[in-house]
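Engineer: Below is the file run.pdb, with PDB, C-alpha atoms, pLDDT in the B column.
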ATOM      1  CA  PRO V  19     104.448 116.958  78.081  1.00 60.00           C
ATOM      2  CA  SER V  20     104.868 114.532  80.965  1.00 59.00           C
ATOM      3  CA  PRO V  21     102.129 114.378  83.571  1.00 65.00           C
ATOM      4  CA  LEU V  22     102.938 116.100  86.834  1.00 57.00           C
ATOM      5  CA  PRO V  23     104.043 113.679  89.537  1.00 61.00           C
ATOM      6  CA  MET V  24     101.487 113.055  92.248  1.00 65.00           C
ATOM      7  CA  PRO V  25     102.506 114.454  95.622  1.00 72.00           C
ATOM      8  CA  ARG V  26     103.543 111.827  98.122  1.00 84.00           C
ATOM      9  CA  PRO V  27     100.716 111.269 100.634  1.00 91.00           C
ATOM     10  CA  LEU V  28     101.214 111.826 104.347  1.00 94.00           C
ATOM     11  CA  ALA V  29      99.830 108.337 104.976  1.00 97.00           C
ATOM     12  CA  TYR V  30      97.371 105.710 103.817  1.00 96.00           C
ATOM     13  CA  VAL V  31      94.255 104.432 105.518  1.00 96.00           C
ATOM     14  CA  LEU V  32      94.042 100.732 104.723  1.00 97.00           C
ATOM     15  CA  THR V  33      90.945  98.688 105.461  1.00 95.00           C
ATOM     16  CA  TRP V  34      90.194  95.078 104.662  1.00 95.00           C
ATOM     17  CA  THR V  35      87.716  92.480 105.798  1.00 92.00           C
ATOM     18  CA  THR V  36      87.799  88.822 106.685  1.00 94.00           C
ATOM     19  CA  LYS V  37      86.552  86.464 104.005  1.00 87.00           C
ATOM     20  CA  GLY V  38      82.776  86.324 103.858  1.00 75.00           C
ATOM     21  CA  SER V  39      82.130  89.167 106.291  1.00 72.00           C
ATOM     22  CA  TRP V  40      80.850  91.681 103.720  1.00 67.00           C
ATOM     23  CA  LEU V  41      79.576  90.041 100.570  1.00 63.00           C
ATOM     24  CA  HIS V  42      78.244  91.480  97.344  1.00 62.00           C
ATOM     25  CA  GLY V  43      74.524  91.953  97.861  1.00 66.00           C
ATOM     26  CA  ASP V  44      74.890  92.734 101.587  1.00 65.00           C
ATOM     27  CA  VAL V  45      72.262  95.116 103.022  1.00 67.00           C
ATOM     28  CA  ARG V  46      75.069  97.578 103.863  1.00 71.00           C
ATOM     29  CA  GLY V  47      75.807  97.885 100.139  1.00 68.00           C
ATOM     30  CA  SER V  48      79.030  96.922  98.428  1.00 65.00           C
ATOM     31  CA  VAL V  49      81.332  97.892  95.598  1.00 64.00           C
ATOM     32  CA  ASN V  50      82.276  96.054  92.455  1.00 62.00           C
ATOM     33  CA  ARG V  51      84.692  96.634  89.585  1.00 60.00           C
ATOM     34  CA  LYS V  52      82.336  99.132  87.931  1.00 66.00           C
ATOM     35  CA  GLN V  53      81.188 100.936  91.086  1.00 57.00           C
ATOM     36  CA  ASN V  54      84.249 101.469  93.247  1.00 56.00           C
ATOM     37  CA  GLU V  55      85.231 105.119  93.001  1.00 59.00           C
ATOM     38  CA  VAL V  56      85.398 107.243  96.136  1.00 55.00           C
ATOM     39  CA  ASN V  57      81.969 108.723  96.923  1.00 58.00           C
ATOM     40  CA  SER V  58      80.284 106.760  94.127  1.00 66.00           C
ATOM     41  CA  PRO V  59      76.998 105.046  94.988  1.00 70.00           C
ATOM     42  CA  LEU V  60      77.188 101.554  96.407  1.00 74.00           C
ATOM     43  CA  VAL V  61      75.777  98.513  94.673  1.00 73.00           C
ATOM     44  CA  PRO V  62      72.261  98.085  96.094  1.00 75.00           C
ATOM     45  CA  PRO V  63      71.451  95.128  98.358  1.00 72.00           C
ATOM     46  CA  SER V  64      70.512  91.874  96.679  1.00 71.00           C
ATOM     47  CA  PRO V  65      69.604  88.786  98.752  1.00 70.00           C
ATOM     48  CA  THR V  66      70.042  86.632  95.636  1.00 75.00           C
ATOM     49  CA  CYS V  67      73.546  87.920  95.033  1.00 72.00           C
ATOM     50  CA  GLU V  68      74.469  87.563  98.697  1.00 64.00           C
ATOM     51  CA  ALA V  69      73.197  83.960  98.796  1.00 70.00           C
ATOM     52  CA  ARG V  70      75.262  83.166  95.693  1.00 70.00           C
ATOM     53  CA  GLU V  71      78.351  84.603  97.403  1.00 68.00           C
ATOM     54  CA  VAL V  72      77.778  82.510 100.551  1.00 64.00           C
ATOM     55  CA  ALA V  73      77.422  79.395  98.387  1.00 66.00           C
ATOM     56  CA  LEU V  74      80.696  80.202  96.594  1.00 68.00           C
ATOM     57  CA  ILE V  75      82.769  80.567  99.752  1.00 67.00           C
ATOM     58  CA  GLY V  76      80.985  77.803 101.667  1.00 65.00           C
ATOM     59  CA  HIS V  77      80.580  79.606 104.990  1.00 65.00           C
ATOM     60  CA  ASP V  78      78.895  82.617 106.578  1.00 68.00           C
ATOM     61  CA  GLY V  79      82.091  84.540 107.185  1.00 82.00           C
ATOM     62  CA  ILE V  80      85.193  84.458 109.322  1.00 90.00           C
ATOM     63  CA  VAL V  81      85.055  86.072 112.759  1.00 92.00           C
ATOM     64  CA  LEU V  82      88.384  86.618 114.501  1.00 97.00           C
ATOM     65  CA  SER V  83      88.642  85.448 118.109  1.00 97.00           C
ATOM     66  CA  PRO V  84      90.352  87.603 120.758  1.00 98.00           C
ATOM     67  CA  ALA V  85      93.520  85.491 120.417  1.00 98.00           C
ATOM     68  CA  GLN V  86      93.490  85.859 116.622  1.00 98.00           C
ATOM     69  CA  ARG V  87      92.925  89.619 116.865  1.00 98.00           C
ATOM     70  CA  LYS V  88      95.838  89.983 119.274  1.00 98.00           C
ATOM     71  CA  ALA V  89      98.105  87.914 117.015  1.00 98.00           C
ATOM     72  CA  VAL V  90      97.161  90.006 113.958  1.00 98.00           C
ATOM     73  CA  ASP V  91      97.735  93.229 115.902  1.00 98.00           C
ATOM     74  CA  THR V  92     101.187  92.105 117.037  1.00 98.00           C
ATOM     75  CA  ALA V  93     102.094  90.779 113.574  1.00 98.00           C
ATOM     76  CA  LEU V  94     101.189  94.064 111.874  1.00 98.00           C
ATOM     77  CA  ARG V  95     103.012  96.203 114.431  1.00 98.00           C
ATOM     78  CA  ASP V  96     106.126  94.029 114.109  1.00 98.00           C
ATOM     79  CA  HIS V  97     105.933  93.978 110.307  1.00 98.00           C
ATOM     80  CA  CYS V  98     105.597  97.754 110.039  1.00 98.00           C
ATOM     81  CA  ALA V  99     108.573  98.202 112.371  1.00 98.00           C
ATOM     82  CA  PHE V 100     110.620  95.713 110.331  1.00 97.00           C
ATOM     83  CA  ARG V 101     109.778  97.554 107.087  1.00 97.00           C
ATOM     84  CA  ASN V 102     110.391 100.978 108.663  1.00 97.00           C
ATOM     85  CA  TRP V 103     106.806 101.983 107.979  1.00 98.00           C
ATOM     86  CA  ALA V 104     105.288 104.393 110.482  1.00 98.00           C
ATOM     87  CA  LEU V 105     102.176 102.728 111.891  1.00 98.00           C
ATOM     88  CA  LEU V 106     100.111 105.681 113.104  1.00 98.00           C
ATOM     89  CA  ALA V 107      96.956 103.793 114.105  1.00 98.00           C
ATOM     90  CA  LEU V 108      95.714 100.206 114.077  1.00 98.00           C
ATOM     91  CA  ASN V 109      92.410  98.646 115.087  1.00 98.00           C
ATOM     92  CA  VAL V 110      91.882  94.922 114.489  1.00 98.00           C
ATOM     93  CA  ARG V 111      88.177  94.117 114.747  1.00 97.00           C
ATOM     94  CA  THR V 112      86.373  90.768 114.586  1.00 96.00           C
ATOM     95  CA  GLN V 113      85.630  90.988 110.833  1.00 93.00           C
ATOM     96  CA  HIS V 114      87.821  93.800 109.528  1.00 94.00           C
ATOM     97  CA  LEU V 115      90.700  96.037 110.380  1.00 97.00           C
ATOM     98  CA  HIS V 116      91.802  99.590 109.786  1.00 97.00           C
ATOM     99  CA  MET V 117      95.329 100.906 109.799  1.00 98.00           C
ATOM    100  CA  VAL V 118      96.878 104.304 109.178  1.00 98.00           C
ATOM    101  CA  VAL V 119     100.403 103.879 107.912  1.00 98.00           C
ATOM    102  CA  ARG V 120     103.139 105.982 106.347  1.00 97.00           C
ATOM    103  CA  ALA V 121     105.203 103.922 103.914  1.00 95.00           C
ATOM    104  CA  ASP V 122     107.231 106.282 101.748  1.00 88.00           C
ATOM    105  CA  ASP V 123     107.520 105.295  98.099  1.00 87.00           C
ATOM    106  CA  ILE V 124     105.548 102.063  98.588  1.00 93.00           C
ATOM    107  CA  ALA V 125     102.157 101.681  96.912  1.00 94.00           C
ATOM    108  CA  PRO V 126      99.281 101.183  99.363  1.00 96.00           C
ATOM    109  CA  GLU V 127      98.270  97.959  97.609  1.00 96.00           C
ATOM    110  CA  LYS V 128     101.758  96.555  98.280  1.00 97.00           C
ATOM    111  CA  VAL V 129     101.594  97.582 101.944  1.00 97.00           C
ATOM    112  CA  MET V 130      98.186  95.927 102.266  1.00 97.00           C
ATOM    113  CA  SER V 131      99.194  92.684 100.563  1.00 97.00           C
ATOM    114  CA  ASP V 132     102.388  92.440 102.642  1.00 98.00           C
ATOM    115  CA  CYS V 133     100.445  93.038 105.862  1.00 98.00           C
ATOM    116  CA  LYS V 134      97.782  90.473 104.978  1.00 98.00           C
ATOM    117  CA  ALA V 135     100.457  87.899 104.164  1.00 97.00           C
ATOM    118  CA  ARG V 136     102.352  88.536 107.383  1.00 98.00           C
ATOM    119  CA  ALA V 137      99.224  88.347 109.551  1.00 98.00           C
ATOM    120  CA  THR V 138      98.145  85.117 107.863  1.00 97.00           C
ATOM    121  CA  ARG V 139     101.586  83.566 108.304  1.00 97.00           C
ATOM    122  CA  VAL V 140     101.675  84.436 112.006  1.00 98.00           C
ATOM    123  CA  LEU V 141      98.191  82.968 112.551  1.00 98.00           C
ATOM    124  CA  ARG V 142      99.147  79.759 110.736  1.00 97.00           C
ATOM    125  CA  GLU V 143     102.442  79.399 112.612  1.00 97.00           C
ATOM    126  CA  ALA V 144     100.590  79.830 115.923  1.00 97.00           C
ATOM    127  CA  CYS V 145      97.995  77.227 114.806  1.00 97.00           C
ATOM    128  CA  LEU V 146      95.265  79.848 115.190  1.00 97.00           C
ATOM    129  CA  ILE V 147      93.813  79.150 111.723  1.00 94.00           C
ATOM    130  CA  GLU V 148      93.700  76.106 109.497  1.00 91.00           C
ATOM    131  CA  PRO V 149      96.571  75.947 107.000  1.00 92.00           C
ATOM    132  CA  SER V 150      94.271  76.045 103.963  1.00 87.00           C
ATOM    133  CA  LEU V 151      91.919  78.796 105.187  1.00 87.00           C
ATOM    134  CA  LYS V 152      91.680  81.862 102.972  1.00 89.00           C
ATOM    135  CA  LEU V 153      91.349  84.462 105.705  1.00 93.00           C
ATOM    136  CA  TRP V 154      91.082  87.844 103.965  1.00 95.00           C
ATOM    137  CA  THR V 155      89.046  89.315 101.145  1.00 89.00           C
ATOM    138  CA  THR V 156      90.882  89.762  97.860  1.00 86.00           C
ATOM    139  CA  HIS V 157      91.511  93.481  98.171  1.00 88.00           C
ATOM    140  CA  GLY V 158      90.291  96.241 100.453  1.00 90.00           C
ATOM    141  CA  SER V 159      90.212  99.999 100.673  1.00 90.00           C
ATOM    142  CA  THR V 160      93.326 102.111 100.113  1.00 93.00           C
ATOM    143  CA  ARG V 161      92.719 105.754 100.902  1.00 92.00           C
ATOM    144  CA  TRP V 162      95.426 108.373 100.512  1.00 93.00           C
ATOM    145  CA  ILE V 163      95.745 111.028 103.215  1.00 95.00           C
ATOM    146  CA  ASN V 164      97.148 114.261 101.849  1.00 94.00           C
ATOM    147  CA  ASP V 165      96.746 116.856 104.591  1.00 94.00           C
ATOM    148  CA  ALA V 166      97.302 117.101 108.335  1.00 96.00           C
ATOM    149  CA  HIS V 167      93.626 117.577 109.227  1.00 96.00           C
ATOM    150  CA  ALA V 168      92.591 114.461 107.254  1.00 95.00           C
ATOM    151  CA  LEU V 169      95.425 112.524 108.896  1.00 97.00           C
ATOM    152  CA  SER V 170      94.335 113.572 112.369  1.00 96.00           C
ATOM    153  CA  ARG V 171      90.733 112.686 111.546  1.00 96.00           C
ATOM    154  CA  ALA V 172      91.726 109.257 110.158  1.00 96.00           C
ATOM    155  CA  ILE V 173      93.739 108.403 113.269  1.00 97.00           C
ATOM    156  CA  GLU V 174      90.848 109.479 115.508  1.00 97.00           C
ATOM    157  CA  TYR V 175      88.427 107.325 113.513  1.00 96.00           C
ATOM    158  CA  VAL V 176      90.627 104.229 113.604  1.00 97.00           C
ATOM    159  CA  LEU V 177      91.484 104.479 117.283  1.00 97.00           C
ATOM    160  CA  HIS V 178      88.251 105.755 118.818  1.00 96.00           C
ATOM    161  CA  GLU V 179      85.274 105.457 116.463  1.00 92.00           C
ATOM    162  CA  GLN V 180      85.127 101.729 115.870  1.00 80.00           C
TER     163      GLN V 180
END
Could you show the structure in this file as structure tokens?

Structural biologist:
Amino acid sequence: PSPLPMPRPLAYVLTWTTKGSWLHGDVRGSVNRKQNEVNSPLVPPSPTCEAREVALIGHDGIVLSPAQRKAVDTALRDHCAFRNWALLALNVRTQHLHMVVRADDIAPEKVMSDCKARATRVLREACLIEPSLKLWTTHGSTRWINDAHALSRAIEYVLHEQ
């Protein structure tokens, strides 16, 4: 028998960080390929691991300026409108961002990668980042929202609890 199709989510909560802003070994904890399930314990802090990560990327982390944050915000709003994705909430912070988006029949990983690419392109075209700078972490968090209460709660969090 074929597996039952998964119900289409109401929306996704997408979160990603700027490069170097939350490294493996950080005191806040982190995830890795083995420990990355929802509600699973975080990888414990490790100053040695964190120092190794800093050495690998060559800097302490990217912090977005007010002009960069505004450009990313505008780029993501425009991109979602262009793609006919419903952007329900967006909050671009100095070292990460959260968005709640409805993108029917598009995988959340695809939405995230498209949004990262668009934001990076806009920042480069505006000369707000160096052309060779790798701005974002490799992936991020893709959480599915399947009920109205969770959707309302996610929007509240993104807009007002940051």

Engineer: Enumerate, as a list in words, the residues matched when the PyMOL selection byres ((chain V and resi 157) around 9) is run on the file above.

Structural biologist: Thr33, Trp34, Thr35, Glu127, Met130, Ser131, Trp154, Thr155, Thr156, Gly158 and Ser159 of chain V

Engineer: Would you output that residue set with C-alpha atoms, as a PDB file, in the coordinates of the input?

Structural biologist:
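Result file result-v1.pdb:
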ATOM      1  CA  THR V  33      90.945  98.688 105.461  1.00 95.00           C
ATOM      2  CA  TRP V  34      90.194  95.078 104.662  1.00 95.00           C
ATOM      3  CA  THR V  35      87.716  92.480 105.798  1.00 92.00           C
ATOM      4  CA  GLU V 127      98.270  97.959  97.609  1.00 96.00           C
ATOM      5  CA  MET V 130      98.186  95.927 102.266  1.00 97.00           C
ATOM      6  CA  SER V 131      99.194  92.684 100.563  1.00 97.00           C
ATOM      7  CA  TRP V 154      91.082  87.844 103.965  1.00 95.00           C
ATOM      8  CA  THR V 155      89.046  89.315 101.145  1.00 89.00           C
ATOM      9  CA  THR V 156      90.882  89.762  97.860  1.00 86.00           C
ATOM     10  CA  GLY V 158      90.291  96.241 100.453  1.00 90.00           C
ATOM     11  CA  SER V 159      90.212  99.999 100.673  1.00 90.00           C
TER      12      SER V 159
END

Engineer: Would you mind telling me which residue in V:Val61, V:Tyr30, V:Lys152, V:Cys133 lies nearest to V:Arg101 when using all atoms listed in the file?

Structural biologist: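 Using all atoms listed in the file, V:Arg101 sits closest to V:Cys133.
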
Engineer: Report as a list of chain:residue names the residues that result from applying the PyMOL selection byres ((chain V and resi 162-176) around 9) to the structure here.

Structural biologist: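 Here the PyMOL selection byres ((chain V and resi 162-176) around 9) matches V:Pro25, V:Arg26, V:Pro27, V:Leu28, V:Ala29, V:Tyr30, V:Val31, V:Leu32, V:Leu106, V:Ala107, V:Leu108, V:Asn109, V:Leu115, V:His116, V:Met117, V:Val118, V:Pro126, V:Thr160, V:Arg161, V:Leu177, V:His178, V:Glu179, V:Gln180.
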
Engineer: Calculated over all atoms listed in the file, which of the candidates V:Gln113, V:Arg46, V:Leu146, V:Lys134 has the smallest distance to V:Val81?

Structural biologist: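 For V:Val81, the nearest of the candidates is V:Gln113.
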
Engineer: Distance atom CA of V:Leu105-atom CA of V:Ser83, one decimal place?

Structural biologist: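 Taking atom CA of V:Leu105 as the start and atom CA of V:Ser83 as the end point, the length is 22.8 Å.
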
Engineer: Measure the distance from atom CA of V:Asn102 to atom CA of V:Lys88 in Å and round it to one decimal.

Structural biologist: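 Atom-to-atom, atom CA of V:Asn102 to atom CA of V:Lys88, that is 21.1 Å.
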
Engineer: Work out how far atom CA of V:His114 is from atom CA of V:Ser39, in Å to one decimal.

Structural biologist: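 So the answer is 8.0 Å.
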
Engineer: Take the PyMOL selection byres ((chain V and resi 144) around 12), run it mentally on this structure, and tell me the resulting residues as a CSV table (one decimal) with C-alpha atoms, in the frame of the given file.

Structural biologist:
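File written: selection_39.csv
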chain,number,residue,atom,x,y,z
V,85,ALA,CA,93.5,85.5,120.4
V,86,GLN,CA,93.5,85.9,116.6
V,88,LYS,CA,95.8,90.0,119.3
V,89,ALA,CA,98.1,87.9,117.0
V,90,VAL,CA,97.2,90.0,114.0
V,93,ALA,CA,102.1,90.8,113.6
V,137,ALA,CA,99.2,88.3,109.6
V,138,THR,CA,98.1,85.1,107.9
V,139,ARG,CA,101.6,83.6,108.3
V,140,VAL,CA,101.7,84.4,112.0
V,141,LEU,CA,98.2,83.0,112.6
V,142,ARG,CA,99.1,79.8,110.7
V,143,GLU,CA,102.4,79.4,112.6
V,145,CYS,CA,98.0,77.2,114.8
V,146,LEU,CA,95.3,79.8,115.2
V,147,ILE,CA,93.8,79.2,111.7
V,148,GLU,CA,93.7,76.1,109.5
V,149,PRO,CA,96.6,75.9,107.0

Engineer: Box along x, y and z, 8 Å on every side, all listed atoms of stretch 169-177 of chain V inside: centre and edge lengths in Å to one decimal, as AutoDock Vina command-line options.

Structural biologist:
--center_x 91.9 --center_y 108.9 --center_z 113.1 --size_x 23.0 --size_y 25.3 --size_z 24.4
